[in-house]
file final_23.cif (mmCIF, C-alpha atoms)
data_final
#
loop_
_atom_site.label_atom_id
_atom_site.label_comp_id
_atom_site.auth_asym_id
_atom_site.auth_seq_id
_atom_site.Cartn_x
_atom_site.Cartn_y
_atom_site.Cartn_z
CA MET A 1 -58.64 -73.13 -29.32
CA SER A 2 -61.88 -73.20 -27.34
CA ARG A 3 -65.04 -71.21 -27.71
CA LEU A 4 -67.07 -69.85 -24.83
CA LEU A 5 -70.71 -68.94 -25.27
CA TYR A 6 -72.37 -66.44 -22.97
CA GLU A 7 -75.93 -65.10 -22.82
CA SER A 8 -77.11 -61.67 -21.73
CA ASP A 9 -80.44 -59.86 -21.61
CA LYS A 10 -78.89 -56.46 -22.27
CA LEU A 11 -76.53 -55.31 -24.99
CA LYS A 12 -74.81 -52.91 -22.58
CA HIS A 13 -73.60 -55.88 -20.49
CA VAL A 14 -72.27 -57.61 -23.60
CA GLN A 15 -70.52 -54.39 -24.66
CA ALA A 16 -68.92 -53.92 -21.23
CA THR A 17 -67.65 -57.50 -21.27
CA TYR A 18 -66.47 -57.13 -24.88
CA GLU A 19 -64.50 -53.96 -24.07
CA ASP A 20 -63.06 -55.53 -20.90
CA LEU A 21 -61.87 -58.60 -22.83
CA LYS A 22 -60.30 -56.40 -25.53
CA ALA A 23 -58.50 -54.41 -22.81
CA HIS A 24 -57.05 -57.68 -21.53
CA GLY A 25 -55.59 -58.63 -24.91
CA ILE A 26 -58.30 -60.66 -26.60
CA GLU A 27 -58.48 -59.68 -30.25
CA ASP A 28 -61.58 -58.20 -31.85
CA SER A 29 -61.59 -61.12 -34.32
CA ASP A 30 -62.00 -63.54 -31.39
CA LEU A 31 -65.20 -61.90 -30.13
CA HIS A 32 -68.56 -62.35 -31.87
CA VAL A 33 -72.04 -61.19 -30.90
CA ILE A 34 -75.20 -62.86 -32.16
CA ALA A 35 -78.36 -60.75 -31.88
CA LYS A 36 -81.81 -60.58 -33.39
CA LYS A 37 -80.98 -57.07 -34.65
CA GLN A 38 -77.35 -57.14 -35.76
CA GLY A 39 -77.45 -53.43 -36.68
CA LYS A 40 -77.60 -52.40 -33.02
CA VAL A 41 -74.49 -54.45 -32.35
CA LEU A 42 -72.58 -53.01 -35.30
CA ARG A 43 -73.49 -49.41 -34.38
CA ARG A 44 -71.79 -49.96 -31.04
CA GLY A 45 -68.60 -51.11 -32.80
CA LEU A 46 -68.88 -54.74 -31.78
CA ASN A 47 -68.02 -57.65 -34.06
CA THR A 48 -71.13 -59.55 -35.09
CA ALA A 49 -71.04 -63.23 -35.93
CA ASN A 50 -71.08 -63.55 -39.70
CA PHE A 51 -72.59 -66.35 -41.78
CA TRP A 52 -69.47 -68.52 -41.40
CA TYR A 53 -70.40 -68.81 -37.71
CA LYS A 54 -74.18 -68.74 -37.96
CA THR A 55 -74.67 -71.31 -40.74
CA ASN A 56 -73.50 -74.81 -41.61
CA VAL A 57 -71.79 -73.71 -44.83
CA LEU A 58 -68.34 -75.03 -43.87
CA ASN A 59 -69.63 -78.25 -42.32
CA GLY A 60 -71.96 -78.82 -45.28
CA SER A 61 -69.17 -78.17 -47.79
CA PHE A 62 -66.91 -80.67 -46.06
CA LYS A 63 -69.61 -83.33 -45.93
CA GLY A 64 -70.51 -82.59 -49.55
CA PHE A 65 -66.88 -82.98 -50.55
CA ILE A 66 -66.65 -86.38 -48.85
CA GLY A 67 -69.95 -87.56 -50.37
CA GLY A 68 -69.10 -86.19 -53.81
CA THR A 69 -65.68 -87.81 -53.78
CA LEU A 70 -67.11 -91.19 -52.78
CA ILE A 71 -69.82 -91.00 -55.44
CA GLY A 72 -67.23 -89.80 -57.95
CA LEU A 73 -64.98 -92.76 -57.20
CA ILE A 74 -67.88 -95.20 -57.53
CA VAL A 75 -69.11 -93.70 -60.82
CA ALA A 76 -65.56 -93.48 -62.20
CA THR A 77 -64.86 -97.11 -61.24
CA ILE A 78 -68.07 -98.31 -62.92
CA LEU A 79 -67.34 -96.33 -66.09
CA TYR A 80 -63.72 -97.48 -66.15
CA ASN A 81 -64.58 -101.17 -65.64
CA ALA A 82 -67.43 -101.02 -68.17
CA GLU A 83 -64.94 -99.68 -70.72
CA ALA A 84 -67.20 -96.71 -71.41
CA LEU A 85 -66.82 -94.71 -74.60
CA ASN A 86 -65.50 -97.79 -76.42
CA GLY A 87 -62.41 -97.98 -74.26
CA LEU A 88 -61.60 -94.25 -74.46
CA TYR A 89 -62.47 -93.74 -70.80
CA SER A 90 -58.96 -93.77 -69.40
CA THR A 91 -57.18 -92.68 -66.24
CA PHE A 92 -57.82 -89.06 -67.21
CA GLY A 93 -61.56 -89.75 -67.38
CA PHE A 94 -61.42 -91.49 -64.01
CA VAL A 95 -59.67 -88.53 -62.37
CA ALA A 96 -61.84 -85.95 -64.16
CA THR A 97 -65.08 -87.69 -63.11
CA THR A 98 -63.92 -87.89 -59.50
CA ILE A 99 -62.86 -84.23 -59.42
CA LEU A 100 -66.07 -83.09 -61.11
CA LEU A 101 -68.33 -84.95 -58.69
CA SER A 102 -66.21 -83.86 -55.70
CA GLY A 103 -66.65 -80.25 -56.76
CA PHE A 104 -70.37 -80.72 -57.30
CA GLY A 105 -70.73 -82.35 -53.86
CA THR A 106 -68.79 -79.51 -52.21
CA TRP A 107 -70.95 -76.90 -53.94
CA LEU A 108 -74.22 -78.67 -53.10
CA GLY A 109 -73.19 -79.31 -49.49
CA GLY A 110 -72.18 -75.67 -49.04
CA LEU A 111 -75.43 -74.46 -50.59
CA LEU A 112 -77.51 -76.69 -48.31
CA GLY A 113 -75.33 -75.71 -45.33
CA LEU A 114 -75.88 -72.04 -46.06
CA GLU A 115 -79.61 -72.60 -45.68
CA SER A 116 -79.35 -74.16 -42.21
CA LYS A 117 -78.27 -72.79 -38.84
CA ASN A 118 -74.97 -73.84 -37.30
CA TYR A 119 -75.71 -77.23 -35.76
CA LYS A 120 -73.58 -76.47 -32.68
CA LEU A 121 -75.45 -73.21 -31.98
CA ARG A 122 -78.92 -74.33 -33.09
CA LYS A 123 -80.23 -75.02 -29.60
CA TYR A 124 -79.34 -71.46 -28.51
CA TYR A 125 -81.09 -69.61 -31.35
CA ASN A 126 -84.37 -69.57 -29.40
CA LEU A 127 -82.64 -67.20 -26.96
CA VAL A 128 -81.78 -64.85 -29.82
CA GLU A 129 -85.40 -64.97 -31.02
CA GLU A 130 -86.44 -63.95 -27.49
CA GLY A 131 -84.28 -60.81 -27.85
CA LYS A 132 -81.26 -62.00 -25.87
CA TYR A 133 -77.65 -61.58 -26.94
CA LEU A 134 -75.06 -64.30 -27.34
CA LEU A 135 -71.34 -63.58 -26.98
CA LEU A 136 -68.93 -66.05 -28.57
CA ILE A 137 -65.35 -65.83 -27.32
CA ASP A 138 -62.52 -67.68 -29.06
CA ILE A 139 -59.88 -68.38 -26.44
CA LYS A 140 -56.67 -70.34 -26.14
CA GLU A 141 -56.87 -73.38 -23.86
CA HIS A 142 -54.34 -72.02 -21.35
CA ASP A 143 -56.40 -68.80 -20.89
CA LEU A 144 -59.76 -70.53 -20.58
CA LYS A 145 -60.00 -70.81 -16.80
CA THR A 146 -58.76 -67.25 -16.21
CA VAL A 147 -61.25 -65.72 -18.66
CA VAL A 148 -64.19 -67.70 -17.26
CA GLN A 149 -63.31 -66.62 -13.70
CA SER A 150 -62.80 -63.00 -14.76
CA ILE A 151 -66.17 -62.81 -16.50
CA HIS A 152 -67.86 -64.53 -13.55
CA LEU A 153 -66.39 -61.98 -11.10
CA ASN A 154 -66.55 -58.79 -13.18
CA HIS A 155 -69.65 -59.43 -15.29
CA PRO A 156 -72.08 -61.59 -13.29
CA GLN A 157 -74.94 -60.49 -15.58
CA LEU A 158 -73.62 -62.83 -18.27
CA LYS A 159 -74.54 -66.49 -18.06
CA LEU A 160 -72.13 -69.14 -19.35
CA LEU A 161 -74.08 -71.40 -21.70
CA SER A 162 -71.28 -73.58 -23.02
CA ASP A 163 -67.53 -74.01 -23.17
CA GLU A 164 -67.67 -76.87 -25.66
CA ILE A 165 -68.70 -75.19 -28.91
CA GLU A 166 -66.14 -75.66 -31.66
CA THR A 167 -66.47 -74.06 -35.06
CA VAL A 168 -63.50 -74.21 -37.39
CA ILE A 169 -62.99 -71.01 -39.36
CA PRO A 170 -60.00 -71.71 -41.63
CA PHE A 171 -58.97 -68.18 -42.62
CA ASP A 172 -58.59 -64.98 -40.60
CA PHE A 173 -60.53 -62.85 -43.10
CA MET A 174 -63.62 -64.99 -42.40
CA GLN A 175 -63.68 -64.08 -38.70
CA THR A 176 -64.86 -60.49 -38.67
CA SER A 177 -67.86 -58.73 -40.08
CA HIS A 178 -66.74 -55.10 -39.71
#
call {"tool": "encode", "arguments": {"input": "final_23.cif", "output": "structure tokens"}}
result
Amino acid sequence: MSRLLYESDKLKHVQATYEDLKAHGIEDSDLHVIAKKQGKVLRRGLNTANFWYKTNVLNGSFKGFIGGTLIGLIVATILYNAEALNGLYSTFGFVATTILLSGFGTWLGGLLGLESKNYKLRKYYNLVEEGKYLLLIDIKEHDLKTVVQSIHLNHPQLKLLSDEIETVIPFDFMQTSH
């Protein structure tokens, strides 16, 4: 799946494009609007990008998991080889230490990720601060060219910023905010 990112000065242009895409079979959960004032977007019945899209929480959690697991394995290996607890540190202790530090790393990474903007969208947030609207469209690869051409012909007010933004959202319930 690919993600298209469009910019518009006016919410009415984003709404017209949004409704047109829905009429052509693109699901509501595949359309996301980022705006300085999300309330205006929601009042018009459009799907706003939620924190799964706007922050690094998933990326941070994944990196935290990897880091926590590696640290857990190192600490567990040291404790196991040092015969900690007078030799009572066994395989269970090794596994428990690794799991505990993996969980801690995942939690810490997610917490830090929640505090930072999505690294793939970061360079476009200045547009949002200027009062512009961003439209994210999740699209299947085989529909990509058709959708880009359709928007270019029918909605020339929208400017294509990128067709290379990938954000993995693992569960469907995480995709909508209304």
call {"tool": "axis_aligned_box", "arguments": {"input": "final_23.cif", "around": "range 37-55 of chain A", "padding_each_side": "8 Å", "output": "AutoDock Vina command-line options"}}
result
--center_x -74.5 --center_y -60.4 --center_z -36.4 --size_x 29.0 --size_y 37.9 --size_z 26.7
call {"tool": "closest_residue", "arguments": {"input": "final_23.cif", "among": "A:Ser90, A:Asn56, A:Ser29, A:Asn126", "to": "Gly110 in chain A", "atoms": "all atoms listed in the file"}}
result
A:Asn56
call {"tool": "closest_residue", "arguments": {"input": "final_23.cif", "among": "A:Leu46, A:Val128, A:Val57, A:Ala76", "to": "Lys22 in chain A", "atoms": "all atoms listed in the file"}}
result
A:Leu46
call {"tool": "residues_around", "arguments": {"input": "final_23.cif", "residues": "Asn59 in chain A", "least_positions_apart": "2", "cutoff": "12 Å", "atoms": "only C-alpha atoms", "output": "ChimeraX atom specification"}}
result
/A:52-57,61-66,106-120,166-170
call {"tool": "atom_distance", "arguments": {"input": "final_23.cif", "atom1": "CA of Ala16 in chain A", "atom2": "CA of Thr146 in chain A"}}
result
17.5 Å
call {"tool": "atom_distance", "arguments": {"input": "final_23.cif", "atom1": "CA of Val95 in chain A", "atom2": "CA of Ile74 in chain A"}}
result
11.6 Å
call {"tool": "residues_around", "arguments": {"input": "final_23.cif", "residues": "range 131-143 of chain A", "least_positions_apart": "2", "cutoff": "9 Å", "atoms": "only C-alpha atoms", "output": "ChimeraX atom specification"}}
result
/A:1-11,14,18,26,29-37,49,124-129,145-148
call {"tool": "write_last_selection", "arguments": {"input": "final_23.cif", "atoms": "C-alpha atoms", "output": "mmCIF file, in the coordinates of the input"}}
result
data_model
loop_
_atom_site.group_PDB
_atom_site.id
_atom_site.type_symbol
_atom_site.label_atom_id
_atom_site.label_comp_id
_atom_site.auth_asym_id
_atom_site.auth_seq_id
_atom_site.Cartn_x
_atom_site.Cartn_y
_atom_site.Cartn_z
ATOM 1 C CA MET A 1 -58.640 -73.130 -29.320
ATOM 2 C CA SER A 2 -61.880 -73.200 -27.340
ATOM 3 C CA ARG A 3 -65.040 -71.210 -27.710
ATOM 4 C CA LEU A 4 -67.070 -69.850 -24.830
ATOM 5 C CA LEU A 5 -70.710 -68.940 -25.270
ATOM 6 C CA TYR A 6 -72.370 -66.440 -22.970
ATOM 7 C CA GLU A 7 -75.930 -65.100 -22.820
ATOM 8 C CA SER A 8 -77.110 -61.670 -21.730
ATOM 9 C CA ASP A 9 -80.440 -59.860 -21.610
ATOM 10 C CA LYS A 10 -78.890 -56.460 -22.270
ATOM 11 C CA LEU A 11 -76.530 -55.310 -24.990
ATOM 12 C CA VAL A 14 -72.270 -57.610 -23.600
ATOM 13 C CA TYR A 18 -66.470 -57.130 -24.880
ATOM 14 C CA ILE A 26 -58.300 -60.660 -26.600
ATOM 15 C CA SER A 29 -61.590 -61.120 -34.320
ATOM 16 C CA ASP A 30 -62.000 -63.540 -31.390
ATOM 17 C CA LEU A 31 -65.200 -61.900 -30.130
ATOM 18 C CA HIS A 32 -68.560 -62.350 -31.870
ATOM 19 C CA VAL A 33 -72.040 -61.190 -30.900
ATOM 20 C CA ILE A 34 -75.200 -62.860 -32.160
ATOM 21 C CA ALA A 35 -78.360 -60.750 -31.880
ATOM 22 C CA LYS A 36 -81.810 -60.580 -33.390
ATOM 23 C CA LYS A 37 -80.980 -57.070 -34.650
ATOM 24 C CA ALA A 49 -71.040 -63.230 -35.930
ATOM 25 C CA TYR A 124 -79.340 -71.460 -28.510
ATOM 26 C CA TYR A 125 -81.090 -69.610 -31.350
ATOM 27 C CA ASN A 126 -84.370 -69.570 -29.400
ATOM 28 C CA LEU A 127 -82.640 -67.200 -26.960
ATOM 29 C CA VAL A 128 -81.780 -64.850 -29.820
ATOM 30 C CA GLU A 129 -85.400 -64.970 -31.020
ATOM 31 C CA LYS A 145 -60.000 -70.810 -16.800
ATOM 32 C CA THR A 146 -58.760 -67.250 -16.210
ATOM 33 C CA VAL A 147 -61.250 -65.720 -18.660
ATOM 34 C CA VAL A 148 -64.190 -67.700 -17.260
#
call {"tool": "atom_distance", "arguments": {"input": "final_23.cif", "atom1": "CA of Ser150 in chain A", "atom2": "CA of Leu121 in chain A"}}
result
23.7 Å
call {"tool": "closest_residue", "arguments": {"input": "final_23.cif", "among": "A:Glu83, A:Asn50, A:Ile151, A:Thr97", "to": "Gly68 in chain A", "atoms": "only C-alpha atoms"}}
result
A:Thr97
call {"tool": "residues_around", "arguments": {"input": "final_23.cif", "residues": "Ile78 in chain A", "least_positions_apart": "5", "cutoff": "12 Å", "atoms": "only C-alpha atoms", "output": "list of chain:residue names"}}
result
A:Ile71, A:Gly72, A:Leu73, A:Glu83, A:Ala84, A:Tyr89, A:Gly93, A:Phe94, A:Thr97, A:Thr98
call {"tool": "resolve_selection", "arguments": {"input": "final_23.cif", "expression": "the PyMOL selection byres ((chain A and resi 157) around 7)", "output": "VMD selection string"}}
result
chain A and resid 8 13 155 to 156 158 to 159
